[in-house]
Amino acid sequence: MQKKAFTLSELANYIGGIIEGDPECKIISIASLEKAQEGQISFLAGTRYQLVSSSRYEKFLPTTKASAVILAPEMISNCHVNKIIVGDPYQGYLQLATLFETKQAFKAGIDPSAKIGEGCQIASSASIGPNCVLGKHCVIGENTHLMANDILMDNVSVGNHTIIYPHVTIYQDVLVGDRVQVHAGAVLGADGFGLVRGAQGWQKIPQLGSVKIGNDVEIGANTTIDRGAIDDTVIENGVKLDDQIMVGHGVVIGENTVVAGCVGIGGSTKIGKNCMIGGATGINDNIVITDGVIFTGMSQVTKSISSPGVYSSGTSIQPQKAWHKSIARLHNLDEMIKKIRKLEKEYNE
Amino acid sequence: MQKKAFTLSELANYIGGIIEGDPECKIISIASLEKAQEGQISFLAGTRYQLVSSSRYEKFLPTTKASAVILAPEMISNCHVNKIIVGDPYQGYLQLATLFETKQAFKAGIDPSAKIGEGCQIASSASIGPNCVLGKHCVIGENTHLMANDILMDNVSVGNHTIIYPHVTIYQDVLVGDRVQVHAGAVLGADGFGLVRGAQGWQKIPQLGSVKIGNDVEIGANTTIDRGAIDDTVIENGVKLDDQIMVGHGVVIGENTVVAGCVGIGGSTKIGKNCMIGGATGINDNIVITDGVIFTGMSQVTKSISSPGVYSSGTSIQPQKAWHKSIARLHNLDEMIKKIRKLEKEYNE
Amino acid sequence: MQKKAFTLSELANYIGGIIEGDPECKIISIASLEKAQEGQISFLAGTRYQLVSSSRYEKFLPTTKASAVILAPEMISNCHVNKIIVGDPYQGYLQLATLFETKQAFKAGIDPSAKIGEGCQIASSASIGPNCVLGKHCVIGENTHLMANDILMDNVSVGNHTIIYPHVTIYQDVLVGDRVQVHAGAVLGADGFGLVRGAQGWQKIPQLGSVKIGNDVEIGANTTIDRGAIDDTVIENGVKLDDQIMVGHGVVIGENTVVAGCVGIGGSTKIGKNCMIGGATGINDNIVITDGVIFTGMSQVTKSISSPGVYSSGTSIQPQKAWHKSIARLHNLDEMIKKIRKLEKEYNE
């Protein structure tokens, strides 16, 4: 496949940096300092970005095989290849990443193998890929793309500039906003887990609500968002969900909250705006998490939280033998502390 | 879309309640006290239902915009809209929910795009949706519906009145009972994780068992149930599984047990009848859980359990700094307690 | 369906064992001592295999309904049915399991409903099942099978003797090796969860890397492996991944490492060779795990590990009331221990 190629001087102009080295050097892609080869540009982020552990990569700077490196002025002495010097190398990388990105090309129109239910409204700039099946009265907006093998049941509405990757299932009445990306295997609007115990075992509670996905939302691969039992499940604008997340019925996730992979959120729980939920966190049903809360990975959230801040749980690992001892002690801790208190009392008397 | 509409007097008759207000008031759907608008009926459950936190909704009663509310006699003074008064408002809601539910309509028959293997027996009242692919010798019962893009390998048997939502994969020889619902993306009968270490790395153990799903089972979206290595994996009658659950090879789940989302169950484990497994619980392989056991969310179940009851684990969250201290102490707890015991011994002497 | 049938003497010859009983006894399949019926052979593994809890099955030996049992010489006195006596009964079972296994038969060729993009190279012995959709320039090797409803985007390359089960999605540029099995619903190469906070909420970082899957890898149902942000995500030769696993962007998993179900691995983390990761373990992003590390189930791995060994975490379950007390004590442990130290100091003075 033809890759894009740029000269170093073109790239330096694009990100507003100063070249040290050969301005005609050809660059075809980006790689890390560790893995980069000839024709690739790399970067050293500096220490201001929490999301990128630049200290881990700094050791590869003296020996990198990259054709060029984007870095801050204070790092140039350790770099023996072509350089683009900028104040914020990570921002420079982000700009180049957008430049090198290959956007999937979509051709407007409906694939002959797709099946479109009666009363559907499909924008002329939209594309409906092979083997997609749309129920009745679905609405698909401008420049929206259903890639392949997607299933939309009746009355599903999808906004503009949205991408639905393959094997996505969207149940009846679900609304999806503009500029949304739904990755492969995601399921939006399946029945919530609503049950009451009756005389003949568990009885299913009809799930009458739906799911509303706002604008600029991203939904990861194989993530599931259940429909509400009564009110809708709501994913507000700007929310980003990673893979393998389970969102229970009637949950509300506030604007610009990000949720990492494997998180489970119990039914009817409300999560505020601008929260960050670490991977594999479990959040009880029927609780309220205020705005600006951060949970680190594998947090066990059993109660509502009304103060913003960083919260954690879990025991983190120990060598197995030591762990067995710690847990045995933990399970007897209440008794032990009562004993100590008694001893303390005796001693004080 | 045309929605069903009822008068308040029709609804009151249906659930056996007494009207206070306008019996001709038109109701088109159900909503919560918080979200209800004109034309909607709401309810206040009373305090007897653990599964519904009615206290959370009671504060919305005085200001609700619902056209009518179902409630118990003792609550009417705070309600300024039309009422249906009943002894058990939650039961009233459940009855109305069933009334307002829109059941998916299925048209019997096989979609022309479906591919049916040789020797299949498909009941005349069954429907096989677009792009479904059935292997050889599959059996599909009366009033059973495969919605779209479902894959059944050879010798799969599905009972009567069962719904298979889209993108479900059922591997060879799997049996599914009557009145079962399998939600989108579920995978039944994939190979269990059976490996032995050989001279050339890990060797796969053939997975010769299958999966048997009983009657009245519900299986959530993207849940996976692996086939048995030797004996079958068995999901007994009335079991309800939420989304994103992983059931290992050879597991048995007893009648009427309910399992919330994101639970993982290790191979060959047996879970009794009438258990309730909280979300994101992890259950070891090769253990036995007796009947009537309840695990709260994120429980770590490492050993067999022979007494019914409620079990929990996890540390639940703390502010991150406090958590760091707690865990540091926990990791040294054994040593600390040995020291205290020594001190205690000295003191007693 | 026609099942394979063997005489006991054929099976004894096949695994090199000695018969006690009827050599003409017909055997059609394998089952456990507990569940076996007439026509089935069972086995008692002996105590040397950790992966199989034979002690659990030993009690079924005297009453088994199996037509024959494979066992070690020291166990024969408790067995009253036909026997095959071998030194290593578990190995005997493994050999027979391979004998009784029914391999899915594939017919080379491209199903007429499959859609093949321009420039694809498909080996003549490969099969492409119904409703598969391949993008441009994909390469499919000899004896490789795409079962049904699989989606491969542009430039995907799959090696020889590989099986792609139904409903698998493989994003652009992903490489899959030889003798790989990808189970239903798996997603390879979806975008990693790369975000930076900008003025207008979270901004997506282009995910420029891809995914490379080595040879002899198995990938479980509904497992997701994200593409790298910069460098590729790499699954090395001989790695075995169970169901519902989430592998973040840029992760490297070393040769012959096995990962049980529901594990989540954060972005850019490197896991060594020959590791064993227990089910539902959560592993932080940007850390390094050395070779030969074992995590037991539900481990919370927050830091890099440089020594091989067995590591654990979690509190394991207690009855709920006791657990509440333990956790309350744990949350106050730091304060309590400071108090004790003060007391100790006073006492020593």
# chains A, B, ... in the order shown; residues from 1 in each chain; ligands from 1
$ interface_residues --of "chain B" --to "chain C" --cutoff "7 Å" --atoms "only C-alpha atoms" --output "PyMOL selection string"
chain B and resi 131+167+169+185+187+190+193+201-202+205-206+208+222+224+230-231+246+264+282+299-302+310-315+325-326+329
$ residues_around --residues "stretch 114-122 of chain B" --least-positions-apart "4" --cutoff "6 Å" --atoms "only C-alpha atoms" --output "PyMOL selection string"
chain B and resi 130-140
$ write_last_selection --atoms "C-alpha atoms" --output "short mmCIF file (atom, residue, chain, number, x, y, z; two decimals), in the first residue's frame"
data_model
loop_
_atom_site.label_atom_id
_atom_site.label_comp_id
_atom_site.auth_asym_id
_atom_site.auth_seq_id
_atom_site.Cartn_x
_atom_site.Cartn_y
_atom_site.Cartn_z
CA PRO B 130 -31.56 -12.40 7.24
CA ASN B 131 -28.00 -13.71 6.90
CA CYS B 132 -28.47 -16.50 9.43
CA VAL B 133 -26.32 -19.55 8.69
CA LEU B 134 -27.35 -22.96 10.01
CA GLY B 135 -25.10 -26.00 9.78
CA LYS B 136 -26.31 -29.55 9.15
CA HIS B 137 -29.02 -31.28 11.16
CA CYS B 138 -30.09 -28.29 13.25
CA VAL B 139 -33.55 -28.36 14.86
CA ILE B 140 -35.57 -25.16 15.43
#
$ closest_residue --among "A:Phe43, A:Tyr14, A:Phe6, A:Tyr171" --to "A:Ile28" --atoms "only C-alpha atoms"
A:Phe6
$ select_by_dssp --residues "stretch 63-129 of chain B" --states "strand (DSSP E)" --output "NGL selection string"
:B and (68-71 or 82-85 or 109-110 or 115-116 or 121-122 or 127-128)
$ atom_distance --atom1 "atom CA of C:Phe295" --atom2 "atom CA of C:Leu44"
28.3 Å
$ select_by_dssp --residues "stretch 55-165 of chain C" --states "alpha helix (DSSP H)" --output "MDAnalysis selection string"
chainID C and resid 55:58 89:100
$ residues_around --residues "B:His80" --least-positions-apart "3" --cutoff "9 Å" --atoms "only C-alpha atoms" --output "mmCIF file with N, CA and C atoms, in the first residue's frame"
data_model
loop_
_atom_site.group_PDB
_atom_site.id
_atom_site.type_symbol
_atom_site.label_atom_id
_atom_site.label_comp_id
_atom_site.auth_asym_id
_atom_site.auth_seq_id
_atom_site.Cartn_x
_atom_site.Cartn_y
_atom_site.Cartn_z
ATOM 1 N N LEU B 61 -41.948 13.026 44.355
ATOM 2 C CA LEU B 61 -43.401 12.897 44.332
ATOM 3 C C LEU B 61 -44.128 14.250 44.332
ATOM 4 N N PRO B 62 -43.746 15.193 45.211
ATOM 5 C CA PRO B 62 -44.516 16.442 45.262
ATOM 6 C C PRO B 62 -44.456 17.255 43.973
ATOM 7 N N THR B 63 -43.392 17.083 43.194
ATOM 8 C CA THR B 63 -43.194 17.946 42.022
ATOM 9 C C THR B 63 -43.264 17.194 40.697
ATOM 10 N N THR B 64 -43.663 15.947 40.727
ATOM 11 C CA THR B 64 -43.648 15.159 39.493
ATOM 12 C C THR B 64 -44.577 15.770 38.442
ATOM 13 N N ILE B 76 -50.567 9.327 49.727
ATOM 14 C CA ILE B 76 -51.326 10.200 48.830
ATOM 15 C C ILE B 76 -51.264 11.677 49.180
ATOM 16 N N SER B 77 -50.974 12.007 50.433
ATOM 17 C CA SER B 77 -51.002 13.410 50.828
ATOM 18 C C SER B 77 -49.925 14.238 50.119
ATOM 19 N N LYS B 83 -54.216 9.910 40.776
ATOM 20 C CA LYS B 83 -53.630 8.776 41.492
ATOM 21 C C LYS B 83 -54.378 7.490 41.184
#
